[in-house]
file coords_35.txt (compact mmCIF, C-alpha atoms and all ligand atoms)
# COMPACT_ATOMS: atom_id res chain seq x y z
CA MET U 105 -85.77 102.29 117.82
CA THR U 106 -82.23 101.33 116.95
CA ARG U 107 -80.48 103.49 114.43
CA LYS U 108 -77.21 102.19 113.01
CA PRO U 109 -74.53 104.78 113.75
CA ILE U 110 -72.49 106.30 110.91
CA ILE U 111 -68.98 107.68 111.03
CA ALA U 112 -68.38 109.59 107.82
CA GLY U 113 -65.10 111.21 106.77
CA ASN U 114 -65.44 114.35 104.68
CA TRP U 115 -62.05 114.69 103.01
CA LYS U 116 -63.00 118.06 101.51
CA MET U 117 -60.50 119.35 98.90
CA HIS U 118 -57.62 117.16 100.07
CA ASN U 119 -55.77 114.22 98.52
CA ASN U 120 -55.18 113.42 94.87
CA SER U 121 -55.94 109.86 93.79
CA VAL U 122 -52.58 108.45 94.91
CA GLN U 123 -52.92 110.05 98.34
CA SER U 124 -56.56 108.98 98.57
CA LYS U 125 -55.60 105.39 97.85
CA GLU U 126 -52.98 105.51 100.60
CA LEU U 127 -55.49 106.88 103.07
CA ILE U 128 -58.21 104.36 102.32
CA LYS U 129 -55.70 101.53 102.53
CA GLY U 130 -54.64 102.78 105.94
CA ILE U 131 -58.24 103.03 107.14
CA LYS U 132 -59.09 99.54 105.88
CA GLU U 133 -56.04 98.12 107.60
CA LYS U 134 -57.10 99.62 110.93
CA VAL U 135 -60.82 98.86 110.85
CA LYS U 136 -60.40 95.26 109.80
CA GLU U 137 -59.21 94.57 113.36
CA PHE U 138 -62.50 95.79 114.84
CA ASP U 139 -65.42 93.61 115.90
CA ALA U 140 -67.74 93.56 112.85
CA ASP U 141 -70.91 93.27 114.94
CA LYS U 142 -70.24 96.54 116.73
CA LEU U 143 -68.98 98.57 113.79
CA PRO U 144 -70.83 101.70 112.79
CA GLU U 145 -71.33 102.28 109.09
CA ILE U 146 -68.04 103.74 107.92
CA VAL U 147 -68.19 106.19 105.04
CA VAL U 148 -65.50 108.21 103.25
CA ALA U 149 -66.11 111.15 100.92
CA PRO U 150 -63.08 111.87 98.71
CA VAL U 151 -62.93 114.52 95.96
CA PHE U 152 -64.61 113.53 92.68
CA THR U 153 -61.27 112.81 91.01
CA SER U 154 -60.39 110.25 93.69
CA LEU U 155 -63.69 108.35 93.66
CA ALA U 156 -62.47 105.79 91.13
CA ALA U 157 -59.23 105.10 93.01
CA VAL U 158 -60.99 104.73 96.35
CA ASN U 159 -63.78 102.61 94.88
CA GLU U 160 -61.18 100.22 93.50
CA GLU U 161 -59.99 99.66 97.05
CA LEU U 162 -63.50 98.89 98.30
CA CYS U 163 -63.90 95.45 96.79
CA HIS U 164 -65.84 92.69 98.51
CA CYS U 165 -63.12 90.13 98.90
CA GLY U 166 -63.84 89.42 102.55
CA CYS U 167 -60.65 91.06 103.80
CA GLY U 168 -62.61 93.68 105.65
CA CYS U 169 -62.48 96.33 102.94
CA ASN U 170 -66.21 96.11 102.36
CA ARG U 171 -66.60 97.71 105.76
CA VAL U 172 -66.14 101.13 104.22
CA LYS U 173 -68.71 102.82 101.97
CA LEU U 174 -68.15 105.55 99.46
CA ALA U 175 -69.72 109.01 99.40
CA ALA U 176 -69.45 111.99 97.07
CA GLN U 177 -69.17 115.53 98.43
CA ASN U 178 -71.74 117.04 96.08
CA VAL U 179 -73.89 116.45 92.98
CA TYR U 180 -75.77 118.67 90.54
CA PHE U 181 -79.50 118.06 90.21
CA GLU U 182 -79.74 118.28 86.41
CA PRO U 183 -79.14 115.00 84.56
CA LYS U 184 -76.82 116.46 81.89
CA GLY U 185 -76.20 119.52 79.76
CA ALA U 186 -74.40 122.84 79.64
CA PHE U 187 -73.40 123.08 83.31
CA THR U 188 -69.65 123.56 83.16
CA GLY U 189 -67.85 122.18 86.16
CA GLU U 190 -70.78 120.23 87.56
CA ILE U 191 -71.32 116.48 87.91
CA SER U 192 -74.54 114.49 87.57
CA ILE U 193 -75.97 111.63 89.58
CA ASP U 194 -75.44 109.16 86.71
CA MET U 195 -71.76 110.06 86.59
CA LEU U 196 -71.45 109.42 90.32
CA LYS U 197 -73.23 106.08 89.99
CA ASP U 198 -70.20 104.87 87.98
CA PHE U 199 -68.32 104.83 91.29
CA GLU U 200 -71.01 103.04 93.30
CA VAL U 201 -71.42 105.82 95.82
CA SER U 202 -73.77 104.93 98.68
CA TYR U 203 -74.10 108.46 100.06
CA ILE U 204 -73.84 112.02 98.78
CA ILE U 205 -73.20 114.98 101.08
CA ILE U 206 -75.35 118.00 100.20
CA GLY U 207 -75.73 121.47 101.62
CA HIS U 208 -72.41 121.55 103.43
CA SER U 209 -71.93 125.02 104.90
CA GLU U 210 -68.83 125.51 102.73
CA ARG U 211 -70.98 124.88 99.63
CA ARG U 212 -73.61 127.28 100.92
CA GLN U 213 -71.08 129.94 101.91
CA TYR U 214 -68.59 129.85 99.03
CA PHE U 215 -70.68 128.51 96.15
CA GLY U 216 -74.04 130.09 96.84
CA GLU U 217 -76.07 126.92 97.39
CA THR U 218 -79.60 127.63 98.48
CA ASP U 219 -82.14 125.54 100.39
CA GLU U 220 -84.07 125.14 97.14
CA MET U 221 -81.04 123.67 95.34
CA ILE U 222 -80.39 121.34 98.26
CA ASN U 223 -83.99 120.12 98.09
CA LYS U 224 -83.63 119.42 94.34
CA LYS U 225 -80.41 117.53 95.02
CA ALA U 226 -82.03 115.47 97.79
CA LYS U 227 -84.81 114.43 95.40
CA VAL U 228 -82.43 113.41 92.60
CA ILE U 229 -80.26 111.44 95.02
CA LEU U 230 -83.18 109.53 96.53
CA ASP U 231 -84.76 108.89 93.11
CA ASN U 232 -81.54 107.13 92.21
CA GLY U 233 -81.42 104.90 95.26
CA ILE U 234 -78.58 106.78 96.95
CA ILE U 235 -78.74 108.36 100.42
CA PRO U 236 -78.30 112.10 100.93
CA ILE U 237 -76.38 113.41 103.92
CA ILE U 238 -78.09 116.77 104.32
CA CYS U 239 -76.02 119.31 106.25
CA CYS U 240 -77.40 122.15 108.31
CA GLY U 241 -76.03 124.49 110.94
CA GLU U 242 -75.92 128.03 112.26
CA THR U 243 -73.24 130.70 112.20
CA LEU U 244 -71.81 132.10 115.43
CA GLU U 245 -73.77 135.29 114.80
CA GLN U 246 -77.04 133.38 114.50
CA ARG U 247 -76.27 131.48 117.70
CA GLU U 248 -75.55 134.71 119.55
CA GLN U 249 -78.77 136.24 118.23
CA GLY U 250 -80.72 133.24 119.56
CA VAL U 251 -82.03 132.17 116.14
CA THR U 252 -80.25 128.79 115.93
CA ASP U 253 -83.41 126.69 116.23
CA SER U 254 -85.52 128.68 113.79
CA HIS U 255 -82.68 128.84 111.23
CA ILE U 256 -82.14 125.09 111.37
CA ALA U 257 -85.87 124.37 111.25
CA LYS U 258 -86.05 126.39 108.03
CA GLN U 259 -83.04 124.61 106.48
CA ILE U 260 -84.50 121.19 107.27
CA THR U 261 -88.08 122.00 106.27
CA GLU U 262 -86.91 123.32 102.90
CA ALA U 263 -84.51 120.42 102.30
CA LEU U 264 -87.21 117.81 102.94
CA LYS U 265 -89.98 119.50 100.96
CA GLY U 266 -91.89 117.04 98.75
CA LEU U 267 -90.07 113.93 100.01
CA SER U 268 -92.16 110.94 101.11
CA ALA U 269 -91.99 109.73 104.72
CA GLU U 270 -90.07 106.65 103.50
CA GLU U 271 -87.53 108.83 101.72
CA VAL U 272 -87.07 111.00 104.78
CA ALA U 273 -86.67 107.93 107.00
CA LYS U 274 -83.71 106.64 105.00
CA SER U 275 -82.01 110.04 104.66
CA VAL U 276 -79.24 111.28 106.93
CA ILE U 277 -78.90 114.77 108.42
CA ALA U 278 -75.66 116.24 109.72
CA TYR U 279 -75.93 119.06 112.25
CA GLU U 280 -72.76 121.08 111.86
CA PRO U 281 -72.60 124.39 113.72
CA ILE U 282 -70.45 126.52 111.40
CA TRP U 283 -68.46 128.02 114.27
CA ALA U 284 -67.33 124.50 115.24
CA ILE U 285 -66.13 123.44 111.77
CA GLY U 286 -62.36 123.33 111.48
CA THR U 287 -61.93 125.53 114.55
CA GLY U 288 -61.11 122.89 117.15
CA LYS U 289 -64.07 124.31 119.13
CA THR U 290 -66.49 121.39 119.46
CA CYS U 291 -70.11 122.13 120.33
CA ASP U 292 -70.89 120.93 123.85
CA SER U 293 -72.35 117.42 123.52
CA THR U 294 -75.52 118.13 125.47
CA GLU U 295 -76.17 121.24 123.39
CA ALA U 296 -75.52 119.31 120.16
CA ASN U 297 -77.96 116.69 121.41
CA ARG U 298 -80.55 119.35 122.19
CA VAL U 299 -80.33 120.81 118.66
CA ILE U 300 -80.45 117.33 117.15
CA LYS U 301 -83.61 116.57 119.17
CA HIS U 302 -85.04 119.79 117.81
CA ILE U 303 -84.16 118.64 114.26
CA ARG U 304 -85.94 115.35 114.98
CA SER U 305 -89.04 117.27 116.05
CA VAL U 306 -88.93 119.27 112.80
CA VAL U 307 -88.65 116.00 110.85
CA GLU U 308 -91.64 114.65 112.80
CA LYS U 309 -93.69 117.68 111.83
CA GLU U 310 -92.75 117.26 108.17
CA ALA U 311 -92.79 113.48 107.76
CA GLY U 312 -94.32 111.85 110.86
CA LYS U 313 -93.02 110.08 113.94
CA GLU U 314 -91.84 106.94 112.22
CA ALA U 315 -89.55 108.88 109.89
CA ALA U 316 -88.32 111.04 112.79
CA ASP U 317 -87.45 107.94 114.83
CA ALA U 318 -85.67 106.32 111.89
CA ILE U 319 -83.67 109.16 110.37
CA ARG U 320 -80.05 109.24 111.41
CA ILE U 321 -78.74 112.58 112.56
CA LEU U 322 -75.01 113.10 112.86
CA TYR U 323 -73.01 115.77 114.63
CA GLY U 324 -70.14 117.49 112.80
CA GLY U 325 -67.64 120.16 113.81
CA SER U 326 -64.17 119.44 115.19
CA VAL U 327 -64.98 115.82 116.07
CA LYS U 328 -61.86 114.13 117.42
CA PRO U 329 -60.99 110.77 118.98
CA GLU U 330 -61.13 112.55 122.37
CA THR U 331 -64.68 113.85 121.84
CA ILE U 332 -66.48 110.99 120.11
CA VAL U 333 -67.30 108.78 123.11
CA GLU U 334 -69.14 111.56 124.93
CA GLN U 335 -70.88 112.60 121.72
CA MET U 336 -72.05 109.08 120.96
CA ALA U 337 -73.32 108.68 124.53
CA GLN U 338 -76.02 111.28 123.79
CA SER U 339 -79.52 109.97 123.14
CA ASP U 340 -80.02 111.48 119.70
CA ILE U 341 -76.54 111.71 118.16
CA ASP U 342 -76.30 108.87 115.64
CA GLY U 343 -72.74 109.40 114.52
CA ALA U 344 -70.37 112.00 113.17
CA LEU U 345 -69.36 113.81 110.02
CA VAL U 346 -65.64 114.29 110.46
CA GLY U 347 -63.43 116.70 108.52
CA GLY U 348 -59.85 117.28 109.70
CA ALA U 349 -59.59 114.16 111.85
CA SER U 350 -60.68 111.96 108.91
CA LEU U 351 -57.52 112.80 106.95
CA LYS U 352 -55.32 110.48 109.01
CA ALA U 353 -56.06 106.76 109.14
CA ASP U 354 -55.13 106.62 112.85
CA SER U 355 -57.42 109.36 114.07
CA PHE U 356 -60.31 108.31 111.82
CA ALA U 357 -60.02 104.71 113.01
CA ASP U 358 -59.89 105.92 116.63
CA ILE U 359 -63.15 107.80 116.05
CA VAL U 360 -64.73 104.66 114.55
CA LYS U 361 -63.55 102.72 117.60
CA GLY U 362 -64.97 105.35 119.95
CA ALA U 363 -68.34 105.05 118.22
CA MET U 364 -68.47 101.32 118.74
CA ALA U 365 -69.68 101.66 122.31
CA LYS U 366 -73.08 103.03 121.14
P1 LIG Y 401 -64.06 119.41 110.92
O1 LIG Y 401 -65.06 119.47 109.64
O2 LIG Y 401 -64.21 118.05 111.54
O3 LIG Y 401 -62.70 119.65 110.34
O4 LIG Y 401 -64.49 120.49 111.84
C1 LIG Y 401 -66.34 118.89 109.69
C2 LIG Y 401 -67.08 119.13 108.41
O5 LIG Y 401 -66.99 120.24 107.85
O6 LIG Y 401 -67.78 118.24 107.91
call {"tool": "encode", "arguments": {"input": "coords_35.txt", "output": "structure tokens"}}
result
Amino acid sequence: MTRKPIIAGNWKMHNNSVQSKELIKGIKEKVKEFDADKLPEIVVAPVFTSLAAVNEELCHCGCGCNRVKLAAQNVYFEPKGAFTGEISIDMLKDFEVSYIIIGHSERRQYFGETDEMINKKAKVILDNGIIPIICCGETLEQREQGVTDSHIAKQITEALKGLSAEEVAKSVIAYEPIWAIGTGKTCDSTEANRVIKHIRSVVEKEAGKEAADAIRILYGGSVKPETIVEQMAQSDIDGALVGGASLKADSFADIVKGAMAK
């Protein structure tokens, strides 16, 4: 089973539209040099207010800019209405997003997102022909208590509830141990691979072997150009969700390059 790797940059709450445009231009410039046949899927997730500016840069003129796909960092599951501060799937479709990140630990921790909300978001995203990047991961405390696997199994089971095997197969999961996010402390590659294999077994239980073999599962948490080659060499790591190192064109492009060996 070959799964096309993904390198996704989560820009979090950084970069206004002018800065976002600069960054995407820099990334395009770098990745256009790379061998197209070996490229992973390259995805960037700017803030909502930069989606238009970045999308404008992602034309299909053949200059290599169509090598980068657009993602949003969140969506609300209701189609419209009195939900101040939220954004709907239709509104995101204006910007031709290919992916939407959901259930990031920062959303869960600071904005009270629950597994049930994440499941509703996954459904709305898939119903609209977009691909969810469903994040999961344990805290340091959970890891120390030895409940990592059961916690992640619950997050994934709840997120995938009611999805068809086909929908699960095209979805993306990002395993992001919370203690590794933004700390510079990457999870050991073999351990990340072990947890990702465990996630694949949970997916198999929920949606069957075909979906489990097809779904792409990324690692996230302090991914850097120096760590990516070893991470990608693991059997079950299909790419990376990159925060800090995606904010500079050079380091993001180096991560893309490192993933090309897979
Ligand atoms: P980091 O963030 O690469 O800065 O650790 C990853 C993420 O939160 O997606």
call {"tool": "axis_aligned_box", "arguments": {"input": "coords_35.txt", "around": "ligand LIG 401 (chain Y)", "padding_each_side": "6 Å", "output": "JSON"}}
result
{"center_x": -65.2, "center_y": 119.3, "center_z": 109.8, "size_x": 17.1, "size_y": 14.4, "size_z": 16.0}
call {"tool": "closest_residue", "arguments": {"input": "coords_35.txt", "among": "U:His118, U:Lys366, U:Lys125, U:Lys361", "to": "ligand LIG 401 (chain Y)", "atoms": "only C-alpha atoms and all ligand atoms"}}
result
U:His118
call {"tool": "residues_near_ligand", "arguments": {"input": "coords_35.txt", "ligand": "ligand LIG 401 (chain Y)", "cutoff": "6 Å", "atoms": "only C-alpha atoms and all ligand atoms", "output": "PyMOL selection string"}}
result
chain U and resi 114+284-286+324-327+345-348
call {"tool": "residues_around", "arguments": {"input": "coords_35.txt", "residues": "region 106-108 of chain U", "least_positions_apart": "3", "cutoff": "7 Å", "atoms": "only C-alpha atoms", "output": "NGL selection string"}}
result
:U and (144 or 318 or 320 or 342)
call {"tool": "residues_around", "arguments": {"input": "coords_35.txt", "residues": "Ile206 (chain U)", "least_positions_apart": "2", "cutoff": "7 Å", "atoms": "only C-alpha atoms", "output": "ChimeraX atom specification"}}
result
/U:177-178,204,208,222,236-239
call {"tool": "closest_residue", "arguments": {"input": "coords_35.txt", "among": "U:Ala315, U:Leu155, U:Ala337, U:Ile111", "to": "Val172 (chain U)", "atoms": "only C-alpha atoms"}}
result
U:Ile111
call {"tool": "closest_residue", "arguments": {"input": "coords_35.txt", "among": "U:Asp141, U:Asp358, U:Asp219, U:Asp317", "to": "Val333 (chain U)", "atoms": "all atoms listed in the file"}}
result
U:Asp358
call {"tool": "residues_near_point", "arguments": {"input": "coords_35.txt", "point": "(-68.5, 96.4, 118.2)", "cutoff": "10 Å", "atoms": "only C-alpha atoms", "output": "list in words"}}
result
Phe138, Asp139, Ala140, Asp141, Lys142, Leu143, Pro144, Val360, Lys361, Gly362, Ala363, Met364, Ala365 and Lys366 of chain U
call {"tool": "closest_residue", "arguments": {"input": "coords_35.txt", "among": "U:Cys240, U:Val306, U:Leu174, U:Ala263", "to": "Lys225 (chain U)", "atoms": "all atoms listed in the file"}}
result
U:Ala263
call {"tool": "atom_distance", "arguments": {"input": "coords_35.txt", "atom1": "CA of Ile319 (chain U)", "atom2": "CA of Asp340 (chain U)"}}
result
10.3 Å
call {"tool": "residues_near_point", "arguments": {"input": "coords_35.txt", "point": "(-76.3, 114.7, 126.7)", "cutoff": "9 Å", "atoms": "only C-alpha atoms", "output": "list in words"}}
result
Asp292, Ser293, Thr294, Glu295, Ala296, Asn297, Arg298, Glu334, Gln335, Ala337, Gln338, Ser339 and Asp340 of chain U
call {"tool": "closest_residue", "arguments": {"input": "coords_35.txt", "among": "U:Ala226, U:Ile131, U:Ala157, U:Ile146", "to": "Lys265 (chain U)", "atoms": "all atoms listed in the file"}}
result
U:Ala226
call {"tool": "closest_residue", "arguments": {"input": "coords_35.txt", "among": "U:Ile235, U:Cys291, U:Ile229, U:Leu264", "to": "Val276 (chain U)", "atoms": "only C-alpha atoms"}}
result
U:Ile235
call {"tool": "atom_distance", "arguments": {"input": "coords_35.txt", "atom1": "CA of Lys328 (chain U)", "atom2": "CA of Ala149 (chain U)"}}
result
17.3 Å
call {"tool": "atom_distance", "arguments": {"input": "coords_35.txt", "atom1": "CA of Gly233 (chain U)", "atom2": "CA of Glu220 (chain U)"}}
result
20.5 Å
call {"tool": "residues_around", "arguments": {"input": "coords_35.txt", "residues": "Ala156 (chain U)", "least_positions_apart": "3", "cutoff": "7 Å", "atoms": "only C-alpha atoms", "output": "PyMOL selection string"}}
result
chain U and resi 159-160+199
